[in-house]
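Below is the file data.cif, which contains mmCIF, C-alpha atoms.
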data_work
#
loop_
_atom_site.label_atom_id
_atom_site.label_comp_id
_atom_site.auth_asym_id
_atom_site.auth_seq_id
_atom_site.Cartn_x
_atom_site.Cartn_y
_atom_site.Cartn_z
CA LYS A 233 -1.41 -10.20 -7.11
CA ALA A 234 -2.67 -6.63 -7.52
CA LEU A 235 -5.19 -7.19 -4.72
CA ILE A 236 -2.50 -8.66 -2.44
CA PHE A 237 -0.25 -5.69 -3.26
CA LEU A 238 -3.05 -3.24 -2.44
CA ILE A 239 -3.92 -4.96 0.85
CA LEU A 240 -0.32 -5.28 2.06
CA THR A 241 0.58 -1.68 1.18
CA CYS A 242 -2.72 -0.17 2.42
CA ALA A 243 -2.79 1.82 -0.80
CA ARG A 244 -5.74 3.19 -2.74
CA THR A 245 -6.90 1.50 -5.93
CA LYS A 246 -5.78 4.38 -8.17
CA GLU A 247 -2.31 4.27 -6.63
CA VAL A 248 -1.95 0.57 -7.45
CA ILE A 249 -3.68 0.03 -10.81
CA GLY A 250 -4.16 3.63 -11.95
CA ASP A 251 -7.25 5.22 -13.45
CA LYS A 252 -8.05 4.27 -17.03
CA ARG A 253 -10.69 7.01 -17.39
CA ILE A 254 -8.11 9.78 -17.02
CA LYS A 255 -5.14 7.74 -18.29
CA ARG A 256 -3.32 7.92 -14.95
CA LEU A 257 -0.81 5.13 -14.49
CA GLY A 258 -0.69 2.78 -11.54
CA ALA A 259 2.39 1.36 -9.83
CA THR A 260 5.39 0.98 -12.12
CA THR A 261 8.57 -1.03 -11.86
CA LYS A 262 10.53 2.24 -11.68
CA GLU A 263 8.81 3.10 -8.36
CA ILE A 264 9.81 -0.15 -6.65
CA ASN A 265 13.20 -0.42 -4.98
CA LEU A 266 13.60 -4.11 -4.18
CA ASP A 267 16.97 -3.59 -2.47
CA GLU A 268 15.53 -1.10 0.02
CA ALA A 269 12.05 -2.71 0.03
CA ILE A 270 10.38 0.64 -0.67
CA TRP A 271 7.63 1.69 -3.07
CA THR A 272 7.76 5.43 -3.82
CA ILE A 273 4.48 6.79 -5.14
CA PRO A 274 4.91 10.12 -6.95
CA GLU A 275 2.98 13.13 -5.68
CA ASP A 276 0.84 13.38 -8.81
CA ARG A 277 -0.78 10.00 -7.98
CA MET A 278 -1.37 10.72 -4.30
CA LYS A 279 -4.66 12.03 -2.97
CA GLY A 280 -2.77 14.48 -0.74
CA GLY A 281 -0.46 15.60 -3.59
CA LYS A 282 2.70 14.60 -1.71
CA GLU A 283 5.17 11.83 -2.56
CA HIS A 284 4.58 8.78 -0.37
CA MET A 285 7.09 6.09 0.53
CA VAL A 286 5.65 2.68 1.40
CA PRO A 287 7.76 0.08 3.18
CA ILE A 288 7.34 -3.31 1.52
CA SER A 289 6.77 -6.22 3.90
CA ASP A 290 8.85 -9.38 3.65
CA TYR A 291 5.81 -11.26 2.30
CA LEU A 292 5.22 -8.72 -0.43
CA LEU A 293 8.92 -8.47 -1.27
CA GLU A 294 9.02 -12.21 -2.00
CA MET A 295 5.98 -11.91 -4.27
CA LEU A 296 7.50 -8.96 -6.15
CA LYS A 297 10.86 -10.72 -6.57
CA GLY A 298 8.99 -13.67 -8.06
CA MET A 299 7.47 -11.33 -10.65
CA ASN A 300 10.95 -10.51 -12.07
CA LEU A 301 10.34 -6.75 -11.97
CA ASP A 302 14.05 -6.03 -12.34
CA LYS A 303 13.79 -7.08 -16.02
CA TYR A 304 11.82 -3.92 -16.80
CA GLU A 305 13.05 -0.35 -16.48
CA ASP A 306 9.65 1.36 -16.34
CA LYS A 307 6.57 -0.79 -16.86
CA LEU A 308 3.13 -1.01 -15.25
CA ILE A 309 3.24 -3.74 -12.64
CA PHE A 310 -0.48 -4.51 -12.83
CA ALA A 311 -1.50 -3.77 -16.40
CA GLY A 312 -4.77 -4.73 -18.03
CA ALA A 313 -5.02 -7.58 -20.54
CA ASP A 314 -4.00 -5.20 -23.34
CA GLY A 315 -0.85 -4.12 -21.46
CA ASP A 316 -2.39 -0.72 -20.76
CA ILE A 317 -3.96 0.65 -17.57
CA ALA A 318 -6.35 -1.87 -16.01
CA SER A 319 -10.07 -1.16 -15.81
CA ASN A 320 -11.13 0.89 -12.78
CA ASN A 321 -13.39 -1.98 -11.70
CA TYR A 322 -10.69 -4.62 -12.02
CA LEU A 323 -10.09 -5.19 -8.30
CA SER A 324 -13.78 -5.00 -7.44
CA SER A 325 -14.47 -7.67 -10.04
CA VAL A 326 -11.72 -9.86 -8.53
CA LEU A 327 -13.54 -9.71 -5.18
CA LYS A 328 -16.87 -10.45 -6.88
CA ARG A 329 -15.39 -13.51 -8.63
CA MET A 330 -14.03 -14.65 -5.26
CA ASN A 331 -17.59 -14.28 -3.87
CA VAL A 332 -16.32 -11.86 -1.23
CA SER A 333 -18.80 -9.18 -0.23
CA CYS A 334 -16.62 -6.21 0.64
CA THR A 335 -15.20 -3.16 -1.07
CA VAL A 336 -11.59 -2.79 -2.12
CA HIS A 337 -11.31 0.42 -0.09
CA GLY A 338 -12.60 -1.50 2.94
CA PHE A 339 -9.20 -3.13 3.36
CA ARG A 340 -7.81 0.26 4.40
CA SER A 341 -10.53 0.53 7.06
CA THR A 342 -9.81 -3.03 8.20
CA PHE A 343 -6.12 -2.15 8.53
CA LYS A 344 -6.95 0.88 10.69
CA ASP A 345 -9.35 -1.12 12.88
CA TRP A 346 -6.73 -3.85 13.29
CA CYS A 347 -4.10 -1.27 14.27
CA ARG A 348 -6.36 0.25 16.92
CA LYS A 349 -7.66 -3.01 18.33
CA TYR A 350 -4.75 -5.41 18.14
CA THR A 351 -1.50 -3.41 18.11
CA SER A 352 0.19 -0.85 20.27
CA TYR A 353 1.60 1.23 17.41
CA ASP A 354 1.09 4.95 17.81
CA ASP A 355 -1.88 6.28 15.85
CA GLU A 356 0.41 8.53 13.81
CA VAL A 357 2.28 5.46 12.49
CA SER A 358 -0.88 3.93 11.03
CA GLU A 359 -2.03 7.33 9.76
CA LEU A 360 1.26 7.73 7.89
CA ALA A 361 0.89 4.20 6.53
CA LEU A 362 -2.50 5.24 5.12
CA ALA A 363 -1.00 8.49 3.76
CA HIS A 364 -3.58 10.51 5.64
CA VAL A 365 -2.88 14.24 5.72
CA ASN A 366 -2.66 15.83 9.16
CA ASN A 367 -5.20 18.68 9.14
CA ASP A 368 -3.76 20.21 12.31
CA ALA A 369 -1.30 22.77 10.87
CA THR A 370 0.71 23.05 14.09
CA ARG A 371 1.13 19.28 14.50
CA ALA A 372 1.91 18.88 10.80
CA ALA A 373 4.64 21.54 11.00
CA TYR A 374 6.45 19.55 13.68
CA ALA A 375 5.86 16.08 12.22
CA ARG A 376 8.66 15.97 9.66
CA ASP A 377 9.79 12.37 10.00
CA SER A 378 7.99 9.76 7.91
CA LEU A 379 8.67 7.08 10.58
CA ILE A 380 9.63 4.68 7.81
CA GLU A 381 11.27 2.09 10.08
CA LYS A 382 8.30 2.02 12.47
CA ARG A 383 6.01 1.71 9.46
CA ARG A 384 8.20 -1.13 8.12
CA LEU A 385 7.62 -3.04 11.37
CA LEU A 386 3.89 -2.26 11.18
CA MET A 387 3.63 -3.45 7.57
CA ASN A 388 5.41 -6.71 8.42
CA ASP A 389 3.03 -7.24 11.35
CA TRP A 390 0.06 -6.47 9.08
CA ALA A 391 1.27 -9.00 6.48
CA THR A 392 1.75 -11.62 9.20
CA TYR A 393 -1.79 -10.96 10.37
CA CYS A 394 -3.17 -11.20 6.82
CA PHE A 395 -1.38 -14.46 6.02
CA GLU A 396 -1.22 -16.16 9.40
CA GLY A 397 -3.93 -14.52 11.51
CA LYS A 398 -1.38 -13.52 14.15
CA SER A 399 -1.25 -10.04 15.65
CA PRO A 400 1.94 -8.73 17.25
CA PRO A 401 2.36 -9.22 20.99
CA ALA A 402 1.38 -6.21 23.10
CA LYS A 403 4.34 -3.88 23.54
#

Before anything else, please render the file you have as structure tokens.
Amino acid sequence: KALIFLILTCARTKEVIGDKRIKRLGATTKEINLDEAIWTIPEDRMKGGKEHMVPISDYLLEMLKGMNLDKYEDKLIFAGADGDIASNNYLSSVLKRMNVSCTVHGFRSTFKDWCRKYTSYDDEVSELALAHVNNDATRAAYARDSLIEKRRLLMNDWATYCFEGKSPPAK
């Protein structure tokens, strides 16, 4: 489930399961708003140091609802066997056990390639989905909207592609 969560949110491993070496938590139940279908990652866990809101696709929302997260006020969603932060290699070992020869981070690259090749979403929508920081200071100053509703559509299309192999029709 942690791997599915990572793939469908296009998040980084440390944002999802945390980093045991430095005792940094991963996703918690407190960060998930099931009613609004939003995961809010605090700035201290983001590579760019800025809070990031991730729209949750319909597929992922159903999975999360099935996990009964609303029973817990603030708990790690994907804890290790001991209930603490999972091992840093946890998701890589899942792929290895599945006999899949790719990296966990490679799913972010696959998402970006899919966006470019098979969708007509603006590049800035997929860049925001990946939480990439705009290095052009002028453009960044004018790009204040997080395009959350466009990203919600994109994340639903991405989930449909992942589960059904269907890309959205050209727009």

Residue neighbourhood stretch 301-313 of chain A, 8 Å, all atoms listed in the file, exclusion window fewer than 2 positions, as an mmCIF file with C-alpha atoms, in the coordinates of the input:
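To be explicit, this is the file written out as part.cif:
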data_model
loop_
_atom_site.group_PDB
_atom_site.id
_atom_site.type_symbol
_atom_site.label_atom_id
_atom_site.label_comp_id
_atom_site.auth_asym_id
_atom_site.auth_seq_id
_atom_site.Cartn_x
_atom_site.Cartn_y
_atom_site.Cartn_z
ATOM 1 C CA ALA A 234 -2.670 -6.630 -7.520
ATOM 2 C CA VAL A 248 -1.950 0.570 -7.450
ATOM 3 C CA ILE A 249 -3.680 0.030 -10.810
ATOM 4 C CA LEU A 257 -0.810 5.130 -14.490
ATOM 5 C CA GLY A 258 -0.690 2.780 -11.540
ATOM 6 C CA ALA A 259 2.390 1.360 -9.830
ATOM 7 C CA THR A 260 5.390 0.980 -12.120
ATOM 8 C CA THR A 261 8.570 -1.030 -11.860
ATOM 9 C CA LYS A 262 10.530 2.240 -11.680
ATOM 10 C CA LEU A 296 7.500 -8.960 -6.150
ATOM 11 C CA LYS A 297 10.860 -10.720 -6.570
ATOM 12 C CA MET A 299 7.470 -11.330 -10.650
ATOM 13 C CA GLY A 315 -0.850 -4.120 -21.460
ATOM 14 C CA ASP A 316 -2.390 -0.720 -20.760
ATOM 15 C CA ILE A 317 -3.960 0.650 -17.570
ATOM 16 C CA ALA A 318 -6.350 -1.870 -16.010
ATOM 17 C CA SER A 319 -10.070 -1.160 -15.810
#

- May I ask which of the residues A:Tyr291, A:Trp271, A:Tyr353, A:Trp346 is the closest one to A:Leu240, counting only C-alpha atoms? A:Tyr291

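Atom to atom, atom CA of A:Gly298 and atom CA of A:Leu235 stand 15.9 Å apart.
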
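A straight line drawn from atom CA of A:Lys349 to atom CA of A:Lys382 is 17.7 Å long.
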
- Message: So that I can see what lies close to A:Ile273, please list as an NGL selection string the residues with an atom at most 8 Å from it, counting all atoms listed in the file and leaving out residues fewer than 5 positions away in the same chain.
- Response: :A and (247 or 259 or 263 or 278 or 283-286)

Could you give me the axis-aligned bounding box of stretch 380-399 of chain A, with 5 Å of padding per side, as centre plus edge lengths in Å to one decimal, as lines of an AutoDock Vina configuration file?
center_x = 3.7
center_y = -5.7
center_z = 10.8
size_x = 25.2
size_y = 30.8
size_z = 19.6

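Straight-line separation from atom CA of A:Ser289 to atom CA of A:Cys334: 23.6 Å.
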
- Item | Picked residues, the PyMOL selection byres ((chain A and resi 344) around 12), expected as a PyMOL selection string | chain A and resi 239+242+337-343+345-351+353-364+386-387+390

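Minimum atom-to-atom distance to A:Ser399, evaluated using all atoms listed in the file, belongs to A:Ser352 out of A:Arg244, A:Leu293, A:Ala269, A:Ser352.
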
- Message: At a cut-off of 9 Å, using all atoms listed in the file, what residues contact A:Ser324? Leave out same-chain residues fewer than 5 positions from it and give the result as number ranges by chain.
- Response: A: 329, 334-336

- Item | Nearest to A:Asn320, chosen from A:Thr245, A:Ile270, A:Arg277, A:Arg384, with all atoms listed in the file counted in the distances | A:Thr245

- Query: Between A:Glu268, A:Asp314, A:Asp389, A:Glu396, which one has atoms that come closest to A:Pro287, using all atoms listed in the file?
  - Reply: A:Glu268
